[in-house]
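Since the structure comes first, as structure tokens, the remarks are kept for the end.
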Amino acid sequence: MLKPKLSFTQILLINAVMIKKKIILHQRGEFKGLKNVENFSEYNIEASALHADGRTPGLSGFARLRNADTFLEICLRSHINFLDELILVDNNSTDDTEKICLKLMEEFPDKVKYYRYAPEVSKIATSEYDMQCENSVRDLSYYCNWVLSKTTYSHVMKVDDDHLMNQEAFASFINTIDFNAPDVFYSFSGYNVKKVGNTFKLLKRLPLAGLYGDHGIAKVNGFFYFFRDERYENLLYKKMKLGPTIYSHLKCLKPSLGAHNYGERLARNVPRLIHEVCDKEIHVSFLNDLYLNGL
């Protein structure tokens, strides 16, 4: 496994993010449940849904999906062998996202569960997002907490449609986790990759994804949940242990550069952020093997 090489500035930013999360968690306390302002009772979230009581020991993955079909199947398959449960929730996709989810549910009936989330969730970096409140079914953080509430195992991890896991590294990472530690969020990072000709290279300005505690494994205990931030949904937890780099982030390989679910304020910056790449190729054998097989 490769541990991320961090600059002094990145270390400062990570510490700043953690301090902010601790302050917010101290102010908010345990998850108290959410009752939406639209009065859709089927989307209310009970406080008990994000607490440890009644959960079976094991690992749940949960994915929030919208028009995610480009790499969805191959990325979900790179996770599924490590999970006891995979929760897939679609928010009004118009592509083949649902078809892929149903296919996997049929193939793994004891592991994959599929739900539809009907309320239209506001895209980040839009005026609609700015106008939402945390208790609205249209808010991204509310949607994330509803998806999280569908998990049933003691530990959980967010699964993205463009995260391609290195199987060996993922297995090694799981073996480092103390599943009896209730308050630790075991985070991991990924390579931000771009295809240049027949090779893959790291982005020069943003070589690594997930450095600030976006992805990892945690125990559900009432203090692990999403909250509404000014720019996007954010994840709360008591403390974080920064882990290795174990996946390739395929966002920049998508036709839309991964910006189709963003508002214009953010989407217009994506081409600029991913324009430059590092001089050296990234030798990630599992990614190159997949490319040779038609990725």
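By convention here, the chains of the structure tokens are called A, B, ... in the order presented, each chain's residues are numbered starting at 1, and ligands are numbered starting at 1 in the order presented.
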TODO: Return as a ChimeraX atom specification the full set of residues in segment 92-243 of chain A whose backbone-based DSSP assignment is alpha helix (DSSP H).
DONE: /A:97-107,127-131,140-149,167-175
Task: strand (DSSP E) residues, from DSSP on the backbone, in segment 20-62 of chain A, as number ranges by chain - done: A: 56-62
Residues from last step as file, N, CA and C atoms, as a tab-separated table (two decimals), in the first residue's frame:
chain	number	residue	atom	x	y	z
A	56	THR	N	-25.73	-5.54	13.07
A	56	THR	CA	-24.95	-6.77	13.00
A	56	THR	C	-23.49	-6.45	12.72
A	57	PRO	N	-22.54	-7.13	13.38
A	57	PRO	CA	-21.13	-6.89	13.06
A	57	PRO	C	-20.84	-7.16	11.59
A	58	GLY	N	-20.17	-6.24	10.94
A	58	GLY	CA	-19.86	-6.38	9.52
A	58	GLY	C	-19.70	-5.03	8.86
A	59	LEU	N	-19.58	-5.02	7.55
A	59	LEU	CA	-19.28	-3.79	6.79
A	59	LEU	C	-20.31	-3.56	5.69
A	60	SER	N	-20.97	-2.41	5.76
A	60	SER	CA	-21.93	-1.99	4.73
A	60	SER	C	-21.28	-0.92	3.84
A	61	GLY	N	-21.47	-1.05	2.54
A	61	GLY	CA	-21.13	0.02	1.62
A	61	GLY	C	-22.40	0.72	1.21
A	62	PHE	N	-22.34	2.04	1.02
A	62	PHE	CA	-23.54	2.76	0.56
A	62	PHE	C	-23.16	3.74	-0.54
Task: Selection: 7 Å around segment 15-21 of chain A, only C-alpha atoms, excl. self and same-chain fewer than 3 positions, as a ChimeraX atom specification - done: /A:11-12,24-25,212,236
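For the atom pair formed by atom CA of Leu88 of chain A and atom CA of Phe227 of chain A, the distance is 20.3 Å, given to one decimal.
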TODO: Excluding segment 152-167 of chain A and any residue of its chain fewer than 5 positions from it, enumerate the residues within 8 Å of it, using only C-alpha atoms, and give them as a ChimeraX atom specification.
DONE: /A:52,55-65,68-69,71-76,78-79,84-85,179,190,215-220,246-251,286
Include N, CA and C atoms and write out the residues we just selected as a short mmCIF file (atom, residue, chain, number, x, y, z; two decimals), in the first residue's frame.
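That gives us again.cif:
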data_model
loop_
_atom_site.label_atom_id
_atom_site.label_comp_id
_atom_site.auth_asym_id
_atom_site.auth_seq_id
_atom_site.Cartn_x
_atom_site.Cartn_y
_atom_site.Cartn_z
N ALA A 52 -25.78 2.64 16.96
CA ALA A 52 -25.19 1.30 16.90
C ALA A 52 -26.15 0.19 17.29
N ARG A 55 -27.42 -3.31 15.27
CA ARG A 55 -26.66 -3.54 14.03
C ARG A 55 -25.81 -4.81 14.15
N THR A 56 -25.73 -5.54 13.07
CA THR A 56 -24.95 -6.77 13.00
C THR A 56 -23.49 -6.45 12.72
N PRO A 57 -22.54 -7.13 13.38
CA PRO A 57 -21.13 -6.89 13.06
C PRO A 57 -20.84 -7.16 11.59
N GLY A 58 -20.17 -6.24 10.94
CA GLY A 58 -19.86 -6.38 9.52
C GLY A 58 -19.70 -5.03 8.86
N LEU A 59 -19.58 -5.02 7.55
CA LEU A 59 -19.28 -3.79 6.79
C LEU A 59 -20.31 -3.56 5.69
N SER A 60 -20.97 -2.41 5.76
CA SER A 60 -21.93 -1.99 4.73
C SER A 60 -21.28 -0.92 3.84
N GLY A 61 -21.47 -1.05 2.54
CA GLY A 61 -21.13 0.02 1.62
C GLY A 61 -22.40 0.72 1.21
N PHE A 62 -22.34 2.04 1.02
CA PHE A 62 -23.54 2.76 0.56
C PHE A 62 -23.16 3.74 -0.54
N ALA A 63 -23.95 3.73 -1.61
CA ALA A 63 -23.66 4.55 -2.79
C ALA A 63 -24.85 5.43 -3.11
N ARG A 64 -24.59 6.73 -3.28
CA ARG A 64 -25.61 7.68 -3.72
C ARG A 64 -25.37 7.95 -5.19
N LEU A 65 -26.35 7.67 -6.02
CA LEU A 65 -26.11 7.62 -7.45
C LEU A 65 -27.03 8.56 -8.22
N ALA A 68 -24.83 7.70 -13.31
CA ALA A 68 -23.50 7.24 -12.92
C ALA A 68 -23.02 6.03 -13.71
N ASP A 69 -23.61 5.77 -14.87
CA ASP A 69 -23.40 4.47 -15.51
C ASP A 69 -22.02 4.28 -16.15
N PHE A 71 -18.77 4.20 -15.30
CA PHE A 71 -17.87 3.21 -14.67
C PHE A 71 -18.54 2.49 -13.51
N LEU A 72 -19.85 2.62 -13.41
CA LEU A 72 -20.55 2.15 -12.21
C LEU A 72 -20.32 0.67 -11.94
N GLU A 73 -20.57 -0.18 -12.92
CA GLU A 73 -20.50 -1.61 -12.66
C GLU A 73 -19.10 -2.05 -12.28
N ILE A 74 -18.10 -1.61 -13.01
CA ILE A 74 -16.74 -2.07 -12.73
C ILE A 74 -16.26 -1.55 -11.37
N CYS A 75 -16.68 -0.36 -10.98
CA CYS A 75 -16.28 0.19 -9.69
C CYS A 75 -17.00 -0.51 -8.54
N LEU A 76 -18.28 -0.78 -8.69
CA LEU A 76 -19.00 -1.50 -7.64
C LEU A 76 -18.43 -2.90 -7.46
N SER A 78 -15.45 -3.77 -7.85
CA SER A 78 -14.15 -3.70 -7.19
C SER A 78 -14.28 -3.58 -5.67
N HIS A 79 -15.50 -3.28 -5.19
CA HIS A 79 -15.76 -3.18 -3.76
C HIS A 79 -16.46 -4.41 -3.18
N ASP A 84 -20.25 -6.83 3.39
CA ASP A 84 -21.33 -7.73 3.78
C ASP A 84 -22.65 -7.27 3.19
N GLU A 85 -22.69 -6.02 2.76
CA GLU A 85 -23.92 -5.42 2.24
C GLU A 85 -23.54 -4.23 1.39
N PHE A 179 -11.70 -2.91 14.44
CA PHE A 179 -13.15 -2.80 14.38
C PHE A 179 -13.79 -2.64 15.76
N GLY A 190 -7.13 8.29 -2.93
CA GLY A 190 -7.04 7.70 -4.26
C GLY A 190 -6.22 8.57 -5.20
N HIS A 215 -13.58 9.76 2.45
CA HIS A 215 -13.82 8.33 2.26
C HIS A 215 -13.05 7.51 3.29
N GLY A 216 -13.72 6.49 3.80
CA GLY A 216 -13.09 5.63 4.79
C GLY A 216 -14.11 4.72 5.42
N ILE A 217 -13.71 4.06 6.49
CA ILE A 217 -14.56 3.10 7.20
C ILE A 217 -14.72 3.56 8.64
N ALA A 218 -15.96 3.54 9.12
CA ALA A 218 -16.24 3.98 10.49
C ALA A 218 -17.34 3.13 11.09
N LYS A 219 -17.37 3.11 12.40
CA LYS A 219 -18.44 2.43 13.13
C LYS A 219 -19.63 3.37 13.26
N VAL A 220 -20.82 2.88 13.01
CA VAL A 220 -22.03 3.68 13.21
C VAL A 220 -22.28 3.79 14.71
N ILE A 246 -5.51 3.77 -2.10
CA ILE A 246 -5.90 2.41 -2.50
C ILE A 246 -6.87 2.36 -3.67
N TYR A 247 -7.20 3.50 -4.28
CA TYR A 247 -8.10 3.45 -5.44
C TYR A 247 -7.66 4.45 -6.50
N SER A 248 -8.15 4.21 -7.70
CA SER A 248 -7.98 5.19 -8.77
C SER A 248 -9.29 5.93 -8.97
N HIS A 249 -9.21 7.23 -8.98
CA HIS A 249 -10.39 8.08 -9.13
C HIS A 249 -10.59 8.35 -10.62
N LEU A 250 -11.68 7.82 -11.17
CA LEU A 250 -11.88 7.85 -12.62
C LEU A 250 -12.70 9.04 -13.11
N LYS A 251 -12.95 10.00 -12.24
CA LYS A 251 -13.81 11.13 -12.61
C LYS A 251 -13.35 11.81 -13.89
N PHE A 286 -3.36 -2.64 -11.99
CA PHE A 286 -4.76 -3.04 -12.14
C PHE A 286 -5.51 -2.08 -13.03
#
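Once His51 of chain A and its same-chain neighbours fewer than 3 positions away are set aside, Ala47, Ser48, Val220, Asn221 and Gly222 of chain A remain within 8 Å of it when counting only C-alpha atoms.
Residues lying within 12 Å of Asp110 of chain A, counting only C-alpha atoms and ignoring same-chain neighbours fewer than 4 positions away, are A:Ile80, A:Leu83, A:Asp84, A:Glu85, A:Leu86, A:Ile87, A:Leu104, A:Met105, A:Glu106, A:Tyr114.
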Open item on the list: With only C-alpha atoms as the counted atoms, please give the residues lying no more than 12 Å from Pro119 of chain A, apart from itself and same-chain residues fewer than 2 positions off, as a count of residues only.
Closed with: 21
Open item on the list: I'd like to know which of A:Arg66, A:Lys238, A:Lys32, A:Lys150 is closest to Lys113 of chain A, using only C-alpha atoms.
Closed with: A:Lys150
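For the set A:Asn81, A:Ser187, A:Thr199, A:Asn261, the residue with the smallest atom-to-atom gap to Lys241 of chain A is A:Ser187, counting only C-alpha atoms.
Take the candidates A:Gly210, A:Gly243, A:Gly197, A:Pro255 and check each one against Ile177 of chain A using only C-alpha atoms; the shortest distance goes to A:Gly243.
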TODO: May I ask for the distance between atom CA of Asn44 of chain A and atom CA of Glu134 of chain A, given in Å to one decimal place?
DONE: 12.3 Å
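Interatomic distance, atom CA of Cys278 of chain A to atom CA of Val196 of chain A: 10.6 Å.
Among A:Val184, A:Val193, A:Leu202, A:Met240, the residue with the shortest atom-to-atom distance to Cys252 of chain A, counting only C-alpha atoms, is A:Val193.
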